[in-house]
Amino acid sequence: MVSIHPTAIVASGSTIDDEANIGPYCVIGEHVTIGARCHLVSHVVVAGQTTIGDDTVVYPFASLGQRPQDLKYHGENSRLMIGARNQIREQVTMNPGTEGGGMATVVGDDNLFMVGAHVAHDCHVGSHVVMANNATLAGHVTVEDYAIVGGLSAVHQFVRIGRHAIIGGMSGVENDVIPYGSVKGERAALNGLNLVGLRRRGFDRDSIDRLRQAYRTLFGSEGTLQDRIDRIAVEFAGDEAVQHIIAFLRSDASRAVLQPKSGDDD
C-alpha cells in the first residue's frame with residue numbers, strides 16, 4: 001500500500017504506485033506519475049506532466065517538472081520523463097521540454113544528480129551519468145551514458161557530451177565533447193582522454209591504446225578534420241569505441257567540436 005505522509009499534498013489526478021513512499025510536506029501535481037518503490041524523502045515538489053521511474057529516490061527541496069526557464073515557452077503540454085533507480089539529491093531542478101525542442105526532457109536510469117544540479121528544458125541525459133554539486137545543463141543539451149559533469153560546471157545550450165567523457169569542475173563548456181574525452185578549464189578545452197574513467201569501466205589496455213592512437217590522429221595537424229575523421233574510420237574499422245567517436249562527429253550538431261589547446265597531448 002502506498003505510504004503518503006499526512007502533511008503531503010497529492011493531487012487527485014496523480015498516479016502513485018502502491019509501493020511508493022511520499023514523505024512529509026511533498027507536493028505532487030495532478031498529472032504526475034510516480035513509479036514503484038520511489039521514495040520522496042520530504043519537501044519535494046513534482047509538477048506538470050512528470051513521470052518518475054521505479055526505485056528513484058528524491059531528496060528534500062528538489063523541484064521537478066516546473067515551468068521551463070525559457071521565454072519562448074507558452075504553456076505547451078510538454079513532459080519531463082525520469083527513468084528508474086535515479087538518485088536526485090537536495091535542491092536539484094529539472095524542467096520539462098518545449099515546443100522548440102521536441103516537447104520532452106528525458107533522463108535515463110541509474111544516474112546521480114548531486115546537490116543543486118540543474119537539467120534544463122529539452123535536455124536528454126543518458127544512463128549512469130553523474131552530475132556533481134551545482135553542475136548546470138542549459139537547454140537542449142545531450143549527455144550520453146557514463147559521462148561525468150563536475151561540480152560548478154556549466155554546459156552551454158545545444159552542446160553534446162559523449163559517452164564516458166568527464167567535465168572537470170568549474171568548467172564552462174561551449175562546444176561538443178567527444179566520447180571518452182576529458183575536459184577542463186574556465187573556458188573549457190579538450191585535455192586528452194578520460195583514462196582513469198576508462199580503466200574503472202573495465203576497458204582493457206589494448207582498447208585504451210587504440211583510443212589514444214585515434215585521438216592523436218584526430219587532433220593532429222595533417223589534413224583537415226574531415227580528412228582525419230575519414231582516416232581513422234578506416235584505420236579502426238573494427239573498433240566499437242573509436243567508431244562511436246566517428247559516429248558522434250558525423251552526426252548533425254549545432255556546436256563545433258571542442259579542441260585541445262595548442263601543445264596539449266593525451
# chains A, B, ... in the order shown; residues from 1 in each chain; ligands from 1
>>> residues_around(residues="A:Gly53", least_positions_apart="2", cutoff="7 Å", atoms="only C-alpha atoms", output="PyMOL selection string")
chain A and resi 34-35+51+55-56+82-84
>>> write_last_selection(atoms="N, CA, C and O atoms", output="PDB file, in the first residue's frame")
ATOM      1  N   ILE A  34       4.286   8.468 -10.480  1.00  0.00           N
ATOM      2  CA  ILE A  34       5.423   8.060  -9.651  1.00  0.00           C
ATOM      3  C   ILE A  34       5.435   6.539  -9.561  1.00  0.00           C
ATOM      4  O   ILE A  34       4.438   5.912  -9.205  1.00  0.00           O
ATOM      5  N   GLY A  35       6.591   5.942  -9.890  1.00  0.00           N
ATOM      6  CA  GLY A  35       6.694   4.504 -10.038  1.00  0.00           C
ATOM      7  C   GLY A  35       6.890   3.744  -8.741  1.00  0.00           C
ATOM      8  O   GLY A  35       6.938   4.308  -7.637  1.00  0.00           O
ATOM      9  N   THR A  51       6.983  12.118 -15.120  1.00  0.00           N
ATOM     10  CA  THR A  51       6.995  10.699 -14.782  1.00  0.00           C
ATOM     11  C   THR A  51       8.313  10.374 -14.096  1.00  0.00           C
ATOM     12  O   THR A  51       9.387  10.742 -14.592  1.00  0.00           O
ATOM     13  N   ASP A  55      12.046   2.920  -8.208  1.00  0.00           N
ATOM     14  CA  ASP A  55      13.213   2.860  -7.324  1.00  0.00           C
ATOM     15  C   ASP A  55      14.044   4.136  -7.330  1.00  0.00           C
ATOM     16  O   ASP A  55      15.219   4.125  -6.948  1.00  0.00           O
ATOM     17  N   THR A  56      13.458   5.222  -7.734  1.00  0.00           N
ATOM     18  CA  THR A  56      14.148   6.519  -7.695  1.00  0.00           C
ATOM     19  C   THR A  56      13.932   7.161  -6.327  1.00  0.00           C
ATOM     20  O   THR A  56      12.840   7.111  -5.770  1.00  0.00           O
ATOM     21  N   ILE A  82      11.634  10.861 -16.265  1.00  0.00           N
ATOM     22  CA  ILE A  82      12.790  10.432 -15.474  1.00  0.00           C
ATOM     23  C   ILE A  82      12.731   8.919 -15.327  1.00  0.00           C
ATOM     24  O   ILE A  82      11.690   8.360 -14.960  1.00  0.00           O
ATOM     25  N   GLY A  83      13.844   8.252 -15.607  1.00  0.00           N
ATOM     26  CA  GLY A  83      13.881   6.800 -15.592  1.00  0.00           C
ATOM     27  C   GLY A  83      13.969   6.211 -14.193  1.00  0.00           C
ATOM     28  O   GLY A  83      13.623   6.841 -13.181  1.00  0.00           O
ATOM     29  N   ALA A  84      14.482   4.989 -14.127  1.00  0.00           N
ATOM     30  CA  ALA A  84      14.498   4.206 -12.890  1.00  0.00           C
ATOM     31  C   ALA A  84      15.828   4.338 -12.144  1.00  0.00           C
ATOM     32  O   ALA A  84      16.866   4.618 -12.734  1.00  0.00           O
TER      33      ALA A  84
END
>>> closest_residue(among="A:Gly220, A:Ala256, A:Glu144, A:Leu249", to="A:His156", atoms="only C-alpha atoms")
A:Ala256
>>> residues_around(residues="A:Gly108", least_positions_apart="2", cutoff="8 Å", atoms="only C-alpha atoms", output="VMD selection string")
chain A and resid 82 to 84 106 110 to 111 125 to 128
>>> residues_around(residues="A:Arg210", least_positions_apart="3", cutoff="9 Å", atoms="only C-alpha atoms", output="PyMOL selection string")
chain A and resi 205-207+213-215+236+239+241-242
>>> residues_around(residues="A:Val10", least_positions_apart="5", cutoff="12 Å", atoms="only C-alpha atoms", output="ChimeraX atom specification")
/A:2-5,15-16,21-34,44-47
>>> write_last_selection(atoms="N, CA, C and O atoms", output="CSV table (one decimal), in the first residue's frame")
chain,number,residue,atom,x,y,z
A,2,VAL,N,0.5,2.2,-0.8
A,2,VAL,CA,1.3,3.5,-0.9
A,2,VAL,C,1.3,4.1,0.5
A,2,VAL,O,0.3,4.2,1.2
A,3,SER,N,2.5,4.7,0.8
A,3,SER,CA,2.7,5.4,2.1
A,3,SER,C,2.8,6.9,1.8
A,3,SER,O,3.7,7.3,1.1
A,4,ILE,N,1.8,7.7,2.2
A,4,ILE,CA,1.8,9.1,2.0
A,4,ILE,C,1.7,9.8,3.3
A,4,ILE,O,0.7,9.6,4.1
A,5,HIS,N,2.7,10.6,3.7
A,5,HIS,CA,2.7,11.3,4.9
A,5,HIS,C,1.5,12.2,5.0
A,5,HIS,O,1.1,12.9,4.0
A,15,THR,N,-0.9,9.7,-10.4
A,15,THR,CA,-0.8,8.3,-10.4
A,15,THR,C,0.4,7.9,-9.5
A,15,THR,O,1.6,8.1,-9.9
A,16,ILE,N,0.1,7.3,-8.3
A,16,ILE,CA,1.2,6.9,-7.4
A,16,ILE,C,1.2,5.4,-7.2
A,16,ILE,O,0.1,4.9,-6.8
A,21,ASN,N,6.6,5.8,-1.6
A,21,ASN,CA,6.7,6.4,-0.3
A,21,ASN,C,6.8,7.9,-0.5
A,21,ASN,O,7.8,8.4,-1.0
A,22,ILE,N,5.8,8.6,-0.1
A,22,ILE,CA,5.8,10.1,-0.2
A,22,ILE,C,5.9,10.7,1.1
A,22,ILE,O,5.1,10.6,2.0
A,23,GLY,N,7.1,11.4,1.4
A,23,GLY,CA,7.4,11.9,2.7
A,23,GLY,C,6.7,13.2,3.0
A,23,GLY,O,5.9,13.7,2.3
A,24,PRO,N,7.1,13.7,4.2
A,24,PRO,CA,6.5,14.9,4.7
A,24,PRO,C,6.6,16.1,3.8
A,24,PRO,O,7.6,16.3,3.2
A,25,TYR,N,5.5,16.9,3.7
A,25,TYR,CA,5.5,18.2,3.0
A,25,TYR,C,5.8,18.2,1.5
A,25,TYR,O,6.1,19.2,1.0
A,26,CYS,N,5.7,17.0,0.9
A,26,CYS,CA,5.8,16.9,-0.5
A,26,CYS,C,4.5,17.4,-1.2
A,26,CYS,O,3.4,17.4,-0.6
A,27,VAL,N,4.7,18.0,-2.4
A,27,VAL,CA,3.5,18.4,-3.2
A,27,VAL,C,3.6,17.8,-4.6
A,27,VAL,O,4.6,17.9,-5.3
A,28,ILE,N,2.6,17.0,-4.9
A,28,ILE,CA,2.5,16.2,-6.1
A,28,ILE,C,1.4,16.8,-7.0
A,28,ILE,O,0.2,16.8,-6.6
A,29,GLY,N,1.7,17.1,-8.2
A,29,GLY,CA,0.6,17.7,-9.1
A,29,GLY,C,-0.3,16.6,-9.7
A,29,GLY,O,0.0,15.4,-9.7
A,30,GLU,N,-1.3,17.1,-10.4
A,30,GLU,CA,-2.4,16.2,-10.8
A,30,GLU,C,-2.0,15.4,-12.1
A,30,GLU,O,-2.7,14.4,-12.3
A,31,HIS,N,-1.0,15.7,-12.8
A,31,HIS,CA,-0.6,14.9,-14.0
A,31,HIS,C,0.7,14.2,-13.7
A,31,HIS,O,1.3,13.7,-14.7
A,32,VAL,N,1.1,14.0,-12.5
A,32,VAL,CA,2.4,13.3,-12.2
A,32,VAL,C,2.2,11.8,-12.0
A,32,VAL,O,1.1,11.4,-11.5
A,33,THR,N,3.2,11.1,-12.5
A,33,THR,CA,3.2,9.6,-12.3
A,33,THR,C,4.4,9.2,-11.6
A,33,THR,O,5.6,9.6,-12.0
A,34,ILE,N,4.3,8.5,-10.5
A,34,ILE,CA,5.4,8.1,-9.7
A,34,ILE,C,5.4,6.5,-9.6
A,34,ILE,O,4.4,5.9,-9.2
A,44,VAL,N,9.6,17.7,-1.3
A,44,VAL,CA,9.8,17.6,-2.8
A,44,VAL,C,8.6,18.1,-3.5
A,44,VAL,O,7.4,17.8,-3.1
A,45,VAL,N,8.8,18.9,-4.6
A,45,VAL,CA,7.7,19.4,-5.4
A,45,VAL,C,7.8,18.7,-6.8
A,45,VAL,O,8.9,18.9,-7.5
A,46,VAL,N,6.8,18.1,-7.2
A,46,VAL,CA,6.7,17.4,-8.6
A,46,VAL,C,5.5,18.0,-9.3
A,46,VAL,O,4.4,17.8,-8.8
A,47,ALA,N,5.7,18.6,-10.4
A,47,ALA,CA,4.6,19.3,-11.1
A,47,ALA,C,4.6,18.9,-12.6
A,47,ALA,O,5.4,18.1,-13.1
>>> atom_distance(atom1="atom CA of A:Glu99", atom2="atom CA of A:Val159")
18.5 Å
>>> residues_around(residues="A:Leu218", least_positions_apart="4", cutoff="9 Å", atoms="only C-alpha atoms", output="list in words")
Gln213, Ala214, Leu225, Asp227, Arg228, Ile229, Arg231 and Ile232 of chain A
>>> closest_residue(among="A:Gly101, A:His164, A:Glu90, A:Phe248", to="A:Asn133", atoms="only C-alpha atoms")
A:Glu90
